[in-house]
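Student: The structure file run.txt (compact mmCIF, C-alpha atoms) is provided below.
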```
# COMPACT_ATOMS: atom_id res chain seq x y z
CA MET A 1 59.89 -28.90 17.93
CA LYS A 2 59.16 -31.92 20.12
CA ILE A 3 58.50 -31.26 23.81
CA LEU A 4 57.81 -33.96 26.38
CA MET A 5 55.88 -32.79 29.43
CA GLY A 6 55.65 -34.73 32.68
CA THR A 7 51.86 -34.52 33.02
CA LYS A 8 48.64 -35.18 31.16
CA ASN A 9 46.91 -32.20 32.82
CA PRO A 10 45.37 -30.27 29.90
CA GLY A 11 45.59 -26.88 31.66
CA LYS A 12 49.30 -27.29 32.34
CA ILE A 13 49.97 -28.53 28.80
CA GLU A 14 48.10 -25.55 27.33
CA GLY A 15 50.07 -23.11 29.51
CA ALA A 16 53.38 -24.63 28.38
CA LYS A 17 52.28 -24.57 24.73
CA LEU A 18 51.34 -20.89 24.90
CA ALA A 19 54.71 -20.00 26.42
CA PHE A 20 56.81 -21.98 23.93
CA GLU A 21 54.81 -20.60 20.99
CA LYS A 22 55.95 -17.08 21.92
CA TYR A 23 59.54 -18.01 21.04
CA PHE A 24 59.52 -21.13 18.85
CA ASP A 25 57.69 -22.42 15.78
CA ASP A 26 55.98 -25.76 15.16
CA ILE A 27 55.45 -26.75 18.81
CA ARG A 28 54.33 -30.30 19.56
CA ILE A 29 53.84 -31.23 23.21
CA GLU A 30 53.28 -34.78 24.33
CA GLY A 31 52.02 -35.16 27.87
CA ILE A 32 53.28 -38.21 29.75
CA SER A 33 52.16 -39.04 33.26
CA VAL A 34 55.22 -39.45 35.49
CA LYS A 35 55.69 -39.45 39.25
CA SER A 36 56.78 -36.38 41.19
CA GLU A 37 57.97 -38.49 44.14
CA VAL A 38 56.71 -35.84 46.59
CA ARG A 39 53.47 -35.59 48.56
CA ASP A 40 50.21 -34.98 46.68
CA GLN A 41 50.33 -31.49 48.20
CA PRO A 42 53.92 -30.27 47.88
CA VAL A 43 55.03 -27.78 50.52
CA ASN A 44 58.00 -25.37 50.28
CA GLU A 45 61.10 -27.05 48.80
CA GLU A 46 59.05 -30.06 47.68
CA ILE A 47 57.54 -27.93 44.92
CA LEU A 48 60.83 -27.57 43.03
CA GLN A 49 61.90 -31.10 43.98
CA GLY A 50 58.69 -32.51 42.51
CA ALA A 51 59.23 -30.63 39.25
CA ARG A 52 62.84 -31.85 39.04
CA ASN A 53 61.79 -35.42 39.81
CA ARG A 54 59.26 -35.27 37.00
CA ILE A 55 62.06 -34.27 34.58
CA LYS A 56 64.22 -37.16 35.78
CA ASN A 57 61.36 -39.64 35.40
CA LEU A 58 60.32 -38.17 32.05
CA LYS A 59 63.84 -38.57 30.65
CA LYS A 60 63.95 -42.15 31.96
CA TYR A 61 60.63 -42.87 30.23
CA ALA A 62 61.89 -41.30 26.99
CA THR A 63 65.09 -43.38 27.07
CA GLU A 64 63.22 -46.61 27.78
CA ASN A 65 60.76 -45.91 24.96
CA LYS A 66 63.34 -44.52 22.50
CA ILE A 67 61.64 -41.12 22.30
CA GLU A 68 63.74 -38.09 21.42
CA ALA A 69 62.76 -34.56 22.37
CA ASP A 70 64.11 -31.03 22.07
CA PHE A 71 62.86 -30.14 25.56
CA TYR A 72 61.71 -31.98 28.66
CA VAL A 73 59.40 -29.90 30.82
CA SER A 74 57.47 -30.22 34.04
CA SER A 75 55.20 -28.20 36.27
CA GLU A 76 54.49 -28.66 39.97
CA ALA A 77 52.12 -26.51 41.99
CA GLY A 78 52.37 -26.25 45.75
CA ILE A 79 52.02 -24.09 48.79
CA THR A 80 54.81 -22.20 50.49
CA ASN A 81 55.20 -20.02 53.54
CA LEU A 82 58.86 -19.18 52.92
CA LEU A 83 57.92 -15.50 52.55
CA GLY A 84 56.03 -15.48 55.85
CA GLU A 85 52.55 -15.99 54.39
CA TRP A 86 50.97 -19.04 52.79
CA ILE A 87 50.79 -18.71 49.01
CA ASP A 88 50.25 -21.11 46.14
CA ILE A 89 52.84 -21.07 43.36
CA ASN A 90 53.57 -23.05 40.25
CA CYS A 91 57.18 -24.10 39.68
CA VAL A 92 58.37 -25.33 36.30
CA VAL A 93 61.58 -26.93 35.12
CA ILE A 94 62.75 -26.93 31.51
CA GLU A 95 65.67 -29.03 30.31
CA ASN A 96 66.90 -28.99 26.73
CA ARG A 97 68.40 -31.98 24.94
CA GLU A 98 71.93 -30.81 25.89
CA GLY A 99 71.02 -30.94 29.59
CA LEU A 100 70.72 -27.19 30.23
CA GLN A 101 68.11 -26.86 32.96
CA SER A 102 66.19 -23.79 34.07
CA VAL A 103 63.54 -23.01 36.65
CA GLY A 104 60.68 -20.53 36.69
CA THR A 105 57.78 -19.76 38.96
CA SER A 106 54.38 -18.21 38.55
CA GLN A 107 52.99 -15.37 40.55
CA GLY A 108 51.47 -16.66 43.77
CA PHE A 109 48.12 -16.17 45.40
CA PRO A 110 47.40 -16.11 49.13
CA ILE A 111 45.90 -19.06 50.95
CA PRO A 112 43.88 -18.23 54.09
CA ASP A 113 45.29 -19.83 57.23
CA LYS A 114 41.91 -21.43 57.98
CA TYR A 115 42.40 -23.82 55.01
CA ILE A 116 46.08 -24.74 55.47
CA LYS A 117 45.59 -27.78 57.72
CA GLU A 118 43.02 -29.32 55.37
CA ILE A 119 45.12 -28.50 52.28
CA ARG A 120 48.22 -30.10 53.81
CA GLU A 121 46.20 -33.23 54.68
CA THR A 122 44.69 -33.53 51.19
CA GLU A 123 45.61 -31.01 48.50
CA LEU A 124 44.64 -27.53 47.40
CA GLY A 125 42.64 -28.73 44.40
CA LYS A 126 40.33 -30.84 46.55
CA VAL A 127 39.77 -27.99 48.98
CA MET A 128 39.06 -25.57 46.10
CA ASP A 129 36.62 -28.07 44.56
CA LYS A 130 34.80 -28.20 47.90
CA ILE A 131 34.75 -24.41 48.37
CA PHE A 132 33.55 -23.66 44.82
CA ASN A 133 31.38 -26.78 44.35
CA GLY A 134 33.54 -27.75 41.41
CA LYS A 135 34.97 -30.95 40.11
CA GLU A 136 38.64 -31.14 39.22
CA LEU A 137 39.05 -27.38 38.88
CA GLY A 138 42.82 -27.91 38.70
CA LYS A 139 42.51 -29.69 35.35
CA GLY A 140 41.00 -26.66 33.63
CA LYS A 141 40.90 -22.98 34.52
CA GLY A 142 41.62 -23.80 38.17
CA GLY A 143 40.28 -22.41 41.39
CA ILE A 144 42.28 -19.25 40.73
CA SER A 145 39.77 -18.39 38.00
CA PHE A 146 37.06 -18.24 40.68
CA LEU A 147 39.25 -16.27 43.08
CA THR A 148 40.10 -13.65 40.42
CA ARG A 149 36.63 -13.66 38.84
CA ASP A 150 38.03 -15.07 35.60
CA GLU A 151 40.90 -12.57 35.34
CA VAL A 152 43.61 -15.23 35.80
CA SER A 153 43.41 -18.96 35.09
CA ARG A 154 45.64 -21.89 35.91
CA ILE A 155 46.69 -21.81 32.27
CA ASP A 156 47.90 -18.21 32.75
CA LEU A 157 49.90 -19.13 35.87
CA THR A 158 51.53 -22.06 34.09
CA ARG A 159 52.24 -20.01 30.96
CA ASN A 160 53.93 -17.28 32.98
CA ALA A 161 56.04 -19.75 34.94
CA PHE A 162 57.23 -21.29 31.66
CA ILE A 163 58.07 -17.89 30.20
CA MET A 164 60.19 -17.16 33.29
CA ALA A 165 62.05 -20.46 32.88
CA LEU A 166 62.51 -19.89 29.14
CA THR A 167 64.56 -16.72 29.76
CA LYS A 168 67.63 -18.90 30.25
CA HIS A 169 67.01 -20.73 26.96
CA ILE A 170 66.03 -17.85 24.67
CA ASN A 171 68.82 -15.44 25.59
CA GLY A 172 71.80 -17.67 24.93
CA ASP A 173 75.01 -16.96 26.83
CA LEU A 174 73.81 -13.46 27.69
CA TRP A 175 71.72 -14.80 30.56
CA ARG A 176 73.70 -17.95 31.44
```
Starting from the file, give its structure as structure tokens.
Tutor:
Amino acid sequence: MKILMGTKNPGKIEGAKLAFEKYFDDIRIEGISVKSEVRDQPVNEEILQGARNRIKNLKKYATENKIEADFYVSSEAGITNLLGEWIDINCVVIENREGLQSVGTSQGFPIPDKYIKEIRETELGKVMDKIFNGKELGKGKGGISFLTRDEVSRIDLTRNAFIMALTKHINGDLWR
């Protein structure tokens, strides 16, 4: 099964691979860097919009390069206060070759108010790198691995978001 993913981030690719392998055989994911067309630090509705834009740009890339895929997938992390508190979530979009699109999110983790201004001006990954003296934490286990003392990684968050989005694809008409 050929899957095109709108990123080259190894942590996100691994999370998607783990999710798809739960339900499908012979998974091959090709990561392609495409634009999200939202700010570097997506906020609220921009999170889903960025993931959808990545699908659109991924499909355009595939068409221009004559690449066929069974699924087009994307992942966009961002911060939201739509529930009254600032949290970081990961939103994914999955679209199959017939155009059926689904959305899933990860569990979220709280962001202290004292970091929100700096995060909005830069991005969460840069702030986490500064706090934990790391370098590009978002490309591997993520800052969440430090916050949870290695109980949850960015790969886990991405995997879970993809599993949530896959519910629409693996249950046929029952869930559509």
Student: Wanna dump the range 95-176 of chain A-range 3-21 of chain A contacts at 7 Å for me, each residue with its shortest atom pair and the distance in Å to one decimal, counting all atoms listed in the file, ordered by chain and number, as a Markdown table?
Tutor:
```
| residue | atom | partner | partner_atom | distance |
| --- | --- | --- | --- | --- |
| A:Lys139 | CA | A:Gly11 | CA | 5.6 |
| A:Gly140 | CA | A:Gly11 | CA | 5.0 |
| A:Lys141 | CA | A:Gly11 | CA | 6.7 |
| A:Arg154 | CA | A:Gly11 | CA | 6.6 |
| A:Ile155 | CA | A:Gly15 | CA | 4.6 |
| A:Asp156 | CA | A:Gly15 | CA | 6.3 |
| A:Thr158 | CA | A:Gly15 | CA | 4.9 |
| A:Arg159 | CA | A:Gly15 | CA | 4.1 |
| A:Phe162 | CA | A:Ala19 | CA | 6.0 |
| A:Ile163 | CA | A:Ala19 | CA | 5.5 |
```
Student: A:Gln101, A:Asn57, A:Ser74, A:Asn81: which is nearest Asn44 in chain A, counting all atoms listed in the file?
Tutor: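 Using all atoms listed in the file, the shortest distance to Asn44 in chain A belongs to A:Asn81.
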Student: Which is closer to Ile79 in chain A than all the others in A:Asn53, A:Arg28, A:Arg39, A:Ser102, using all atoms listed in the file?
Tutor: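 Of A:Asn53, A:Arg28, A:Arg39, A:Ser102, the one nearest Ile79 in chain A is A:Arg39, counting all atoms listed in the file.
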Student: For Ala165 in chain A, which residue out of A:Met128, A:Ile119, A:Ile47, A:Val103 is the nearest one, using all atoms listed in the file?
Tutor: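 Smallest separation from Ala165 in chain A among the options: A:Val103.
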Student: Set the distance at 10 Å and use only C-alpha atoms: which residues neighbour Ile144 in chain A once local chain neighbours fewer than 5 positions away are removed? I'd like the list as a PyMOL selection string.
Tutor: chain A and resi 88+109+128+137-138+149-157
Student: Around the point (53.1, -20.2, 39.8), in the coordinates given by the file, pick out the residues reaching within 8 Å, counting only C-alpha atoms, and return them as a PyMOL selection string.
Tutor: chain A and resi 77+88-91+105-108+157-158+160-161
Student: So which one's closest to Gly104 in chain A, A:Lys35, A:Gly78, A:Ala62, A:Met164? Using all atoms listed in the file, please.
Tutor: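 Going through A:Lys35, A:Gly78, A:Ala62, A:Met164 one by one, the smallest distance to Gly104 in chain A is for A:Met164.
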Student: Could you check how far CA of Met1 in chain A sits from CA of Gly50 in chain A, in Å to one decimal?
Tutor: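 For CA of Met1 in chain A relative to CA of Gly50 in chain A, the distance reads 24.9 Å.
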Student: So how many Å separate CA of Val43 in chain A and CA of Ile55 in chain A, to one decimal?
Tutor: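 A separation of 18.6 Å between them.
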Student: With distances taken over only C-alpha atoms, which residue among A:Arg54, A:Asn65, A:Gln41, A:Thr167 lies nearest Lys117 in chain A?
Tutor: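 Among A:Arg54, A:Asn65, A:Gln41, A:Thr167, it is A:Gln41 that comes nearest to Lys117 in chain A.
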Student: Looking at only C-alpha atoms, which of A:Phe24, A:Gly143, A:Thr80, A:Asp173 is the one that sits closest to Glu45 in chain A?
Tutor: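 Of the candidates, the smallest distance to Glu45 in chain A is held by A:Thr80.
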Student: Quote the spacing between CA of Ile27 in chain A and CA of Leu174 in chain A in Å to one decimal place.
Tutor: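 Separation of CA of Ile27 in chain A and CA of Leu174 in chain A: 24.3 Å.
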